[in-house]
$ cat start_23.cif   # mmCIF, C-alpha atoms
data_final
#
loop_
_atom_site.label_atom_id
_atom_site.label_comp_id
_atom_site.auth_asym_id
_atom_site.auth_seq_id
_atom_site.Cartn_x
_atom_site.Cartn_y
_atom_site.Cartn_z
CA MET Z 4 -4.39 -19.04 -64.95
CA THR Z 5 -7.59 -17.67 -63.57
CA ILE Z 6 -8.70 -21.09 -62.39
CA GLN Z 7 -5.33 -21.75 -60.78
CA PHE Z 8 -5.44 -18.39 -59.00
CA ILE Z 9 -8.86 -19.14 -57.54
CA LYS Z 10 -7.72 -22.54 -56.30
CA LEU Z 11 -4.60 -21.03 -54.72
CA THR Z 12 -6.69 -18.41 -52.97
CA ASP Z 13 -9.11 -21.04 -51.69
CA LEU Z 14 -6.25 -23.16 -50.39
CA THR Z 15 -4.62 -20.16 -48.71
CA THR Z 16 -7.90 -19.13 -47.10
CA THR Z 17 -8.50 -22.66 -45.86
CA ALA Z 18 -5.01 -22.84 -44.38
CA VAL Z 19 -5.49 -19.52 -42.63
CA ILE Z 20 -8.80 -20.66 -41.19
CA HIS Z 21 -7.24 -23.89 -39.94
CA GLN Z 22 -4.35 -21.97 -38.40
CA LEU Z 23 -6.71 -19.58 -36.61
CA ALA Z 24 -8.78 -22.48 -35.32
CA PHE Z 25 -5.64 -24.26 -34.08
CA SER Z 26 -4.41 -21.11 -32.32
CA ALA Z 27 -7.79 -20.56 -30.69
CA ALA Z 28 -7.77 -24.15 -29.44
CA LEU Z 29 -4.35 -23.64 -27.86
CA ASN Z 30 -5.41 -20.42 -26.15
CA TYR Z 31 -8.78 -21.70 -24.99
CA GLN Z 32 -9.20 -22.00 -21.26
CA SER Z 33 -12.06 -23.94 -19.77
CA PRO Z 34 -14.18 -21.87 -17.36
CA PHE Z 35 -14.21 -24.85 -14.96
CA LYS Z 36 -10.43 -25.10 -15.00
CA SER Z 37 -10.10 -21.38 -14.40
CA SER Z 38 -12.51 -21.60 -11.49
CA VAL Z 39 -10.48 -24.37 -9.87
CA GLN Z 40 -7.25 -22.42 -10.27
CA ASN Z 41 -8.79 -19.32 -8.71
CA THR Z 42 -10.04 -21.42 -5.79
CA GLU Z 43 -6.58 -22.84 -5.20
CA VAL Z 44 -5.02 -19.39 -5.25
CA SER Z 45 -7.61 -18.01 -2.82
CA MET Z 46 -6.96 -20.88 -0.39
CA PHE Z 47 -3.32 -19.78 -0.11
CA SER Z 48 -3.82 -16.03 -0.43
CA PRO Z 49 -2.14 -14.07 2.37
CA VAL Z 50 -4.47 -12.71 5.02
CA VAL Z 51 -2.18 -10.04 6.50
CA GLY Z 52 0.30 -9.48 3.65
CA GLU Z 53 2.52 -11.14 1.04
CA GLU Z 54 5.62 -9.89 2.85
CA PHE Z 55 4.91 -12.47 5.57
CA CYS Z 56 5.00 -15.40 3.15
CA SER Z 57 8.18 -17.36 2.46
CA SER Z 58 9.10 -19.51 -0.53
CA SER Z 59 10.28 -22.26 1.83
CA VAL Z 60 9.18 -23.89 5.08
CA THR Z 61 9.86 -21.61 8.07
CA VAL Z 62 10.30 -22.70 11.67
CA LEU Z 63 9.35 -20.04 14.20
CA THR Z 64 10.30 -20.35 17.86
CA VAL Z 65 7.77 -18.86 20.26
CA ARG Z 66 8.82 -17.79 23.75
CA LYS Z 67 6.38 -16.62 26.36
CA LYS Z 68 7.74 -13.51 28.02
CA ASP Z 69 7.92 -12.95 31.75
CA LEU Z 70 4.43 -12.47 33.15
CA VAL Z 71 5.48 -9.71 35.58
CA PHE Z 72 7.10 -7.45 32.98
CA SER Z 73 5.08 -8.20 29.83
CA ARG Z 74 1.78 -9.51 31.22
CA GLY Z 75 1.85 -12.57 29.06
CA GLY Z 76 3.33 -11.40 25.76
CA PHE Z 77 5.44 -13.40 23.30
CA ILE Z 78 8.68 -13.08 21.39
CA VAL Z 79 8.79 -14.99 18.09
CA THR Z 80 12.10 -15.65 16.37
CA ASN Z 81 13.16 -17.34 13.16
CA SER Z 82 14.78 -20.60 14.27
CA CYS Z 83 17.37 -20.50 11.45
CA THR Z 84 18.51 -16.89 11.71
CA GLY Z 85 17.69 -16.17 15.34
CA GLN Z 86 16.20 -12.83 14.32
CA ILE Z 87 12.96 -11.60 15.86
CA ALA Z 88 10.02 -12.12 13.50
CA PHE Z 89 7.08 -10.96 15.66
CA ARG Z 90 6.24 -9.57 19.06
CA VAL Z 91 2.98 -9.91 20.96
CA ASP Z 92 1.92 -7.26 23.46
CA GLY Z 93 -0.45 -8.52 26.14
CA ARG Z 94 -0.42 -5.53 28.48
CA ASP Z 95 -3.94 -4.35 27.66
CA LEU Z 96 -5.64 -7.76 27.58
CA SER Z 97 -7.20 -7.54 31.04
CA SER Z 98 -8.62 -4.03 30.53
CA THR Z 99 -9.52 -3.98 26.82
CA ASN Z 100 -9.69 -7.67 25.82
CA LYS Z 101 -7.17 -6.88 23.08
CA LEU Z 102 -3.78 -8.25 22.06
CA ILE Z 103 -1.42 -6.61 19.57
CA LEU Z 104 0.70 -8.59 17.11
CA MET Z 105 3.71 -6.48 16.09
CA ASP Z 106 6.65 -6.68 13.71
CA PRO Z 107 10.25 -6.84 15.05
CA LEU Z 108 10.39 -3.05 15.45
CA GLY Z 109 7.15 -2.86 17.41
CA LYS Z 110 4.88 -1.71 14.59
CA PRO Z 111 1.32 -3.01 15.14
CA LEU Z 112 0.29 -5.51 12.46
CA LEU Z 113 -2.92 -6.88 13.94
CA THR Z 114 -5.25 -6.18 16.80
CA LEU Z 115 -6.84 -9.33 18.22
CA HIS Z 116 -10.07 -8.49 20.00
CA HIS Z 117 -11.89 -10.93 22.27
CA LYS Z 118 -15.67 -10.57 22.44
CA ALA Z 119 -18.04 -12.68 24.51
CA PHE Z 120 -21.75 -12.97 23.66
CA ARG Z 121 -23.38 -14.90 26.48
CA ILE Z 122 -21.81 -18.36 26.20
CA LEU Z 123 -20.25 -17.66 22.79
CA HIS Z 124 -16.66 -16.49 22.63
CA ARG Z 125 -15.17 -15.00 19.48
CA TRP Z 126 -11.87 -13.46 18.51
CA TYR Z 127 -11.67 -10.86 15.76
CA GLY Z 128 -8.58 -9.77 13.83
CA PHE Z 129 -8.16 -6.20 12.58
CA HIS Z 130 -5.39 -4.53 10.57
CA GLY Z 131 -3.12 -2.27 12.60
CA GLU Z 132 -3.71 -1.15 16.17
CA ALA Z 133 -7.19 0.40 16.12
CA CYS Z 134 -10.25 -1.76 15.51
CA ASP Z 135 -13.10 0.67 16.20
CA GLY Z 136 -15.12 1.23 13.05
CA GLN Z 137 -13.10 -1.31 11.05
CA LYS Z 138 -14.28 -4.55 9.55
CA ALA Z 139 -12.59 -7.64 10.89
CA ILE Z 140 -10.38 -9.42 8.36
CA PHE Z 141 -10.88 -12.75 10.13
CA ARG Z 142 -12.80 -14.39 12.97
CA VAL Z 143 -11.83 -17.30 15.21
CA ARG Z 144 -14.17 -19.39 17.33
CA LYS Z 145 -13.95 -22.54 19.40
CA SER Z 146 -15.17 -25.57 17.50
CA SER Z 147 -18.28 -27.46 18.50
CA MET Z 148 -17.89 -30.04 21.23
CA PHE Z 149 -19.15 -32.57 18.71
CA SER Z 150 -16.25 -31.91 16.32
CA LYS Z 151 -13.85 -34.80 16.82
CA ASN Z 152 -10.27 -33.66 17.49
CA GLU Z 153 -11.08 -30.15 16.22
CA VAL Z 154 -10.42 -27.33 18.67
CA ALA Z 155 -10.93 -24.09 16.71
CA GLU Z 156 -11.87 -22.72 13.32
CA ALA Z 157 -11.22 -19.46 11.50
CA LEU Z 158 -13.20 -17.60 8.86
CA VAL Z 159 -11.45 -15.04 6.65
CA GLY Z 160 -13.22 -12.02 5.20
CA SER Z 161 -16.99 -11.90 5.03
CA THR Z 162 -18.80 -14.78 6.73
CA ARG Z 163 -22.05 -14.22 4.85
CA GLY Z 164 -23.14 -17.37 3.07
CA LYS Z 165 -20.16 -19.41 4.29
CA LYS Z 166 -21.04 -22.96 5.27
CA HIS Z 167 -17.50 -24.10 6.05
CA SER Z 168 -14.51 -22.58 7.81
CA ASP Z 169 -11.42 -21.35 5.94
CA TYR Z 170 -9.00 -22.85 8.50
CA LYS Z 171 -9.30 -25.54 11.15
CA VAL Z 172 -7.10 -26.41 14.11
CA LEU Z 173 -6.85 -30.07 15.11
CA GLY Z 174 -5.00 -31.59 18.03
CA ASN Z 175 -4.19 -30.34 21.53
CA TYR Z 176 -2.65 -26.90 21.86
CA SER Z 177 -2.32 -27.22 25.65
CA GLU Z 178 0.26 -29.94 25.00
CA ARG Z 179 1.75 -27.86 22.13
CA HIS Z 180 0.79 -30.55 19.64
CA CYS Z 181 -1.69 -29.40 17.00
CA SER Z 182 -2.01 -28.78 13.28
CA ILE Z 183 -3.65 -26.07 11.17
CA TYR Z 184 -5.38 -26.97 7.90
CA ASN Z 185 -6.92 -24.74 5.26
CA GLY Z 186 -10.44 -25.13 3.90
CA VAL Z 187 -9.52 -27.89 1.42
CA GLY Z 188 -7.70 -29.96 4.03
CA THR Z 189 -4.11 -28.98 3.22
CA LEU Z 190 -1.72 -28.81 6.17
CA VAL Z 191 -0.39 -25.23 6.47
CA ALA Z 192 1.25 -25.12 9.93
CA GLU Z 193 2.10 -27.28 12.93
CA VAL Z 194 2.73 -26.54 16.61
CA LYS Z 195 5.42 -28.74 18.15
CA ARG Z 196 7.33 -28.98 21.43
CA LYS Z 197 10.90 -27.70 21.22
CA PHE Z 198 13.91 -29.76 22.21
CA ALA Z 199 17.30 -28.51 23.37
CA ALA Z 200 20.52 -29.63 21.71
CA SER Z 201 20.78 -32.45 24.26
CA ASP Z 202 17.34 -33.76 23.17
CA VAL Z 203 15.81 -32.48 26.40
CA MET Z 204 12.24 -31.26 25.95
CA LEU Z 205 11.87 -27.61 26.94
CA SER Z 206 8.94 -26.20 28.89
CA LYS Z 207 5.63 -25.40 27.21
CA ASP Z 208 6.55 -21.72 27.34
CA VAL Z 209 8.98 -22.37 24.47
CA PHE Z 210 7.73 -24.16 21.36
CA ASN Z 211 8.03 -24.24 17.58
CA VAL Z 212 5.55 -23.33 14.85
CA VAL Z 213 6.39 -24.91 11.49
CA VAL Z 214 4.82 -22.83 8.70
CA LYS Z 215 4.60 -24.27 5.19
CA ALA Z 216 5.88 -22.39 2.13
CA GLY Z 217 3.61 -19.66 0.80
CA ILE Z 218 1.58 -19.38 4.01
CA ASP Z 219 1.05 -16.06 5.80
CA GLN Z 220 3.21 -16.35 8.93
CA ALA Z 221 1.66 -13.30 10.60
CA PHE Z 222 -1.79 -14.84 10.28
CA MET Z 223 -0.54 -18.19 11.61
CA MET Z 224 0.96 -16.43 14.63
CA ALA Z 225 -2.32 -14.62 15.23
CA LEU Z 226 -4.08 -18.00 15.33
CA ILE Z 227 -1.47 -19.34 17.76
CA VAL Z 228 -1.87 -16.36 20.09
CA ILE Z 229 -5.65 -16.81 20.08
CA LEU Z 230 -5.27 -20.55 20.72
CA HIS Z 231 -3.08 -19.73 23.71
CA GLN Z 232 -5.75 -17.48 25.17
CA MET Z 233 -8.45 -20.07 24.51
CA SER Z 234 -6.37 -22.70 26.28
CA ARG Z 235 -6.28 -20.52 29.38
CA GLU Z 236 -10.08 -20.43 29.39
CA HIS Z 237 -10.61 -24.06 28.36
CA ASP Z 238 -8.09 -26.70 29.44
CA SER Z 239 -9.24 -28.98 26.62
CA ILE Z 240 -7.93 -26.71 23.83
#

$ encode --input "start_23.cif" --output "structure tokens"
Amino acid sequence: MTIQFIKLTDLTTTAVIHQLAFSAALNYQSPFKSSVQNTEVSMFSPVVGEEFCSSSVTVLTVRKKDLVFSRGGFIVTNSCTGQIAFRVDGRDLSSTNKLILMDPLGKPLLTLHHKAFRILHRWYGFHGEACDGQKAIFRVRKSSMFSKNEVAEALVGSTRGKKHSDYKVLGNYSERHCSIYNGVGTLVAEVKRKFAASDVMLSKDVFNVVVKAGIDQAFMMALIVILHQMSREHDSI
């Protein structure tokens, strides 16, 4: 009996050890795999806020407001619902070099500040209305003249040690035909001309922005507004 008891204990212990090893193998996560997953999440992380991300593709219609009354602002509506999604206030652009991206009720979401350093032109995005003393959450600059078909690039967060941009704009915004890609080359938004019900192309003051699922629409609109201002300074944008 004693011998049988010892064998039973050994067998039980061995089974337990095997079970623990099997469970550990199931729960094991490779550090490399985890790193890749984190990178993918960061590439699609919202810049302004999760509330501006949709689970499906969203088509936004952008309308340039009357220059006399709004000094070049925009009204952005959801093409499906017709509801206002964003407003852009351009009244202070000439005096302060700033544009304000607002929600439908007029609450400031982002301040877009244009700064020129000699021949270099940069746009900086800040949370809310004030930008003095704040750190920019993103920066946008015109791409190098040697970059084929690339018109602008954006860097999110700290730029220290970054060798590549987080977002790139390819195409021709002046013709309302360009695409926005993230840092790994995934298409996240497109600018397209808008057609009326009779298939008549509308003017360039009315166009669509197609934003992919999970992408920050407020940030995409900020890029579009900056592209519009760049196109006024450089016809090739």

$ residues_around --input "start_23.cif" --residues "Z:Leu104" --least-positions-apart "6" --cutoff "9 Å" --atoms "only C-alpha atoms" --output "list in words"
Phe89, Arg90, Val91, Asp92, Lys110, Pro111, Leu112, Leu113, Thr114, Leu115, Gly131, Glu132, Ala221, Met224, Ala225 and Val228 of chain Z

$ closest_residue --input "start_23.cif" --among "Z:Met105, Z:Val51, Z:Arg142, Z:Val62" --to "Z:Lys215" --atoms "all atoms listed in the file"
Z:Val62

$ atom_distance --input "start_23.cif" --atom1 "atom CA of Z:Ile87" --atom2 "atom CA of Z:Pro107"
5.5 Å

$ closest_residue --input "start_23.cif" --among "Z:Ala133, Z:Ile183, Z:Met223, Z:Ile140" --to "Z:Glu153" --atoms "only C-alpha atoms"
Z:Ile183

$ atom_distance --input "start_23.cif" --atom1 "atom CA of Z:Lys195" --atom2 "atom CA of Z:Arg144"
21.7 Å

$ atom_distance --input "start_23.cif" --atom1 "atom CA of Z:Arg125" --atom2 "atom CA of Z:Pro49"
21.5 Å

$ closest_residue --input "start_23.cif" --among "Z:Val213, Z:Phe222, Z:Ser146, Z:Ala157" --to "Z:Thr80" --atoms "all atoms listed in the file"
Z:Val213
